[in-house]
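Taking it in order: structure first as structure tokens, then the write-up.
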Amino acid sequence: MAFVSEGDVSFYSTFTYLAQTLLQTHPEVKVQTIPGVCSPLAAAAGLGIPLTIWNQRLAILPALHAVSDLETAIATTDVVVLLKVSSVYEQVWATLKQHGLLQQSYVVERATLPEQVIYADLSDRPHLKLPYFSLLIVQVNRADLG
Ligand SMILES: C[S@@+](CC[C@H](N)C(=O)[O-])C[C@H]1O[C@@H](n2cnc3c(N)ncnc32)[C@H](O)[C@@H]1O
């Protein structure tokens, strides 16, 4: 039996719960994990940018429960990735505007798929209607490539 996951099965995937339940009910089963490319890395590749370099700190927010979570990430890290951004995009956009970060923010829809869409510089995009498979990358402190 195989379980196929979007991206990587070890990165915020339902597979983790499924495997745990399976192993509890059928301890004789052997679970083998085949690694994939998780969406932040796939999105960075689509954008043609490194996700992080040098000593940059990275925060990944799997869901935004409060704007203060984003504020904290912006204040304490260099690169922020927001998963499941589609339902909170307008709030996120307003926060990024307050912090002057819209020009260094990117949205990638359906990374690696033929339908992939990229928005670089969100300044003029306060109302994007995004699909579930979208994420947002903020380069809070752009790295100096020398
Ligand atoms: C429950 S998480 C699953 C993450 C997945 N296991 C991974 O490795 O990326 C679902 C979220 O991941 C992001 N995501 C997954 N696949 C994506 C893709 N191809 N393009 C953009 N975002 C994606 C979206 O933010 C989506 O709401």
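In the structure tokens, each chain is lettered A, B, ... as it comes, each chain's residues begin at 1, and ligands are numbered from 1 in order of appearance.
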With DSSP run on the backbone, what are the strand (DSSP E) residues within stretch 15-140 of chain A? I'd like them as a PDB file with C-alpha atoms, in the first residue's frame.
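Generated output (selection_37.pdb):
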ATOM      1  CA  LEU A  58      13.864  30.987   8.898  1.00  0.00           C
ATOM      2  CA  ALA A  59      10.357  30.860  10.372  1.00  0.00           C
ATOM      3  CA  ILE A  60       7.656  28.667   8.889  1.00  0.00           C
ATOM      4  CA  LEU A  61       4.130  29.389  10.062  1.00  0.00           C
ATOM      5  CA  VAL A  79      12.838  34.877   6.135  1.00  0.00           C
ATOM      6  CA  VAL A  80       9.211  33.991   6.882  1.00  0.00           C
ATOM      7  CA  VAL A  81       7.161  31.368   5.044  1.00  0.00           C
ATOM      8  CA  LEU A  82       3.401  31.292   5.486  1.00  0.00           C
ATOM      9  CA  SER A 105       7.290  39.335  -0.502  1.00  0.00           C
ATOM     10  CA  TYR A 106       6.347  36.594  -2.948  1.00  0.00           C
ATOM     11  CA  VAL A 107       3.353  34.345  -3.436  1.00  0.00           C
ATOM     12  CA  VAL A 108       3.646  31.050  -5.269  1.00  0.00           C
ATOM     13  CA  GLU A 109       0.549  29.123  -6.279  1.00  0.00           C
ATOM     14  CA  VAL A 117       1.677  31.136 -10.739  1.00  0.00           C
ATOM     15  CA  ILE A 118       4.174  33.543  -9.193  1.00  0.00           C
ATOM     16  CA  TYR A 119       3.532  36.992  -7.744  1.00  0.00           C
ATOM     17  CA  ALA A 120       6.737  38.854  -6.924  1.00  0.00           C
ATOM     18  CA  SER A 134      -0.329  28.653  -2.200  1.00  0.00           C
ATOM     19  CA  LEU A 135       2.333  29.985   0.089  1.00  0.00           C
ATOM     20  CA  LEU A 136       3.930  33.317   0.815  1.00  0.00           C
ATOM     21  CA  ILE A 137       7.615  34.032   1.361  1.00  0.00           C
ATOM     22  CA  VAL A 138       8.782  37.261   3.024  1.00  0.00           C
ATOM     23  CA  GLN A 139      12.420  38.248   2.819  1.00  0.00           C
TER      24      GLN A 139
END
Checklist entry - If you count only C-alpha atoms, which residues fall within 12 Å of A:Trp54, apart from same-chain ones fewer than 4 positions away, as a ChimeraX atom specification? => result /A:50,58,78-79,142-146
Could you please take those selected residues and save C-alpha atoms as a PDB file, in the first residue's frame?
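File produced: part38.pdb:
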ATOM      1  CA  PRO A  50      17.593  30.709  -2.340  1.00  0.00           C
ATOM      2  CA  LEU A  58      13.864  30.987   8.898  1.00  0.00           C
ATOM      3  CA  ASP A  78      15.105  36.960   8.364  1.00  0.00           C
ATOM      4  CA  VAL A  79      12.838  34.877   6.135  1.00  0.00           C
ATOM      5  CA  ARG A 142      17.499  40.451   2.400  1.00  0.00           C
ATOM      6  CA  ALA A 143      20.816  38.662   2.440  1.00  0.00           C
ATOM      7  CA  ASP A 144      23.825  40.381   0.971  1.00  0.00           C
ATOM      8  CA  LEU A 145      25.092  38.079  -1.794  1.00  0.00           C
ATOM      9  CA  GLY A 146      28.342  40.047  -1.933  1.00  0.00           C
TER      10      GLY A 146
END
Checklist entry - When the cut-off is 9 Å and you count only C-alpha atoms and all ligand atoms, which residues lie near ligand 1, shown as a ChimeraX atom specification? => result /A:5-15,36-43,62-63,81-86,107-113,116,131-136
Requested write-out: C-alpha atoms of the selected residues, as an mmCIF file, in the first residue's frame:
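Listing of result-v2.cif after writing:
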data_model
loop_
_atom_site.group_PDB
_atom_site.id
_atom_site.type_symbol
_atom_site.label_atom_id
_atom_site.label_comp_id
_atom_site.auth_asym_id
_atom_site.auth_seq_id
_atom_site.Cartn_x
_atom_site.Cartn_y
_atom_site.Cartn_z
ATOM 1 C CA SER A 5 1.480 13.295 -0.322
ATOM 2 C CA GLU A 6 1.891 16.771 -1.763
ATOM 3 C CA GLY A 7 5.511 17.771 -1.140
ATOM 4 C CA ASP A 8 7.143 15.775 1.631
ATOM 5 C CA VAL A 9 5.361 13.365 3.967
ATOM 6 C CA SER A 10 7.351 14.566 6.973
ATOM 7 C CA PHE A 11 6.355 18.213 6.540
ATOM 8 C CA TYR A 12 2.891 19.029 7.954
ATOM 9 C CA SER A 13 1.397 15.970 6.293
ATOM 10 C CA THR A 14 -1.651 13.851 7.156
ATOM 11 C CA PHE A 15 0.613 10.889 6.533
ATOM 12 C CA GLY A 36 9.948 14.605 -1.422
ATOM 13 C CA VAL A 37 10.486 18.313 -1.929
ATOM 14 C CA CYS A 38 8.501 20.369 0.580
ATOM 15 C CA SER A 39 6.617 23.376 -0.748
ATOM 16 C CA PRO A 40 8.830 26.218 0.600
ATOM 17 C CA LEU A 41 11.809 24.727 -1.234
ATOM 18 C CA ALA A 42 9.760 24.049 -4.356
ATOM 19 C CA ALA A 43 8.513 27.656 -4.280
ATOM 20 C CA PRO A 62 1.941 26.394 9.146
ATOM 21 C CA ALA A 63 -1.176 28.508 9.662
ATOM 22 C CA VAL A 81 7.161 31.368 5.044
ATOM 23 C CA LEU A 82 3.401 31.292 5.486
ATOM 24 C CA LEU A 83 1.575 28.114 4.552
ATOM 25 C CA LYS A 84 -2.225 27.982 4.177
ATOM 26 C CA VAL A 85 -2.153 31.673 3.390
ATOM 27 C CA SER A 86 -5.181 31.712 1.070
ATOM 28 C CA VAL A 107 3.353 34.345 -3.436
ATOM 29 C CA VAL A 108 3.646 31.050 -5.269
ATOM 30 C CA GLU A 109 0.549 29.123 -6.279
ATOM 31 C CA ARG A 110 0.848 25.413 -7.085
ATOM 32 C CA ALA A 111 4.638 25.337 -7.079
ATOM 33 C CA THR A 112 6.188 22.875 -9.564
ATOM 34 C CA LEU A 113 2.875 22.160 -11.301
ATOM 35 C CA GLN A 116 2.224 27.370 -11.159
ATOM 36 C CA PRO A 131 -5.940 28.438 -4.094
ATOM 37 C CA TYR A 132 -5.248 26.252 -1.045
ATOM 38 C CA PHE A 133 -1.913 25.215 -2.551
ATOM 39 C CA SER A 134 -0.329 28.653 -2.200
ATOM 40 C CA LEU A 135 2.333 29.985 0.089
ATOM 41 C CA LEU A 136 3.930 33.317 0.815
#
Checklist entry - Near A:Gln91, counting only C-alpha atoms, which residues have an atom at most 12 Å away, once you skip same-chain residues fewer than 5 positions from it, shown as a ChimeraX atom specification? => result /A:64-68,70-71,85-86,96-98,126-128
Got time to write the residues from that selection, C-alpha atoms, as a PDB file, in the first residue's frame?
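out00.pdb, freshly written:
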ATOM      1  CA  LEU A  64      -1.775  32.056  10.832  1.00  0.00           C
ATOM      2  CA  HIS A  65      -3.927  31.984  13.963  1.00  0.00           C
ATOM      3  CA  ALA A  66      -3.218  35.589  14.952  1.00  0.00           C
ATOM      4  CA  VAL A  67      -1.560  38.527  13.231  1.00  0.00           C
ATOM      5  CA  SER A  68       0.722  38.772  16.270  1.00  0.00           C
ATOM      6  CA  LEU A  70       3.387  37.104  11.933  1.00  0.00           C
ATOM      7  CA  GLU A  71       4.561  40.233  13.780  1.00  0.00           C
ATOM      8  CA  VAL A  85      -2.153  31.673   3.390  1.00  0.00           C
ATOM      9  CA  SER A  86      -5.181  31.712   1.070  1.00  0.00           C
ATOM     10  CA  LEU A  96       3.236  43.416   5.387  1.00  0.00           C
ATOM     11  CA  LYS A  97       2.233  46.894   4.196  1.00  0.00           C
ATOM     12  CA  GLN A  98       2.555  48.269   7.741  1.00  0.00           C
ATOM     13  CA  PRO A 126      -4.129  43.545  -1.781  1.00  0.00           C
ATOM     14  CA  HIS A 127      -6.928  41.180  -2.854  1.00  0.00           C
ATOM     15  CA  LEU A 128      -5.460  38.040  -4.409  1.00  0.00           C
TER      16      LEU A 128
END
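Atom CA of A:Gly46 sits 25.3 Å away from atom CA of A:His99.
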Item to check | Within 9 Å of A:Thr77 using only C-alpha atoms, minus same-chain residues under 5 positions, as JSON, numbers by chain | outcome: {"A": [56, 57, 58, 59, 72, 140, 141]}
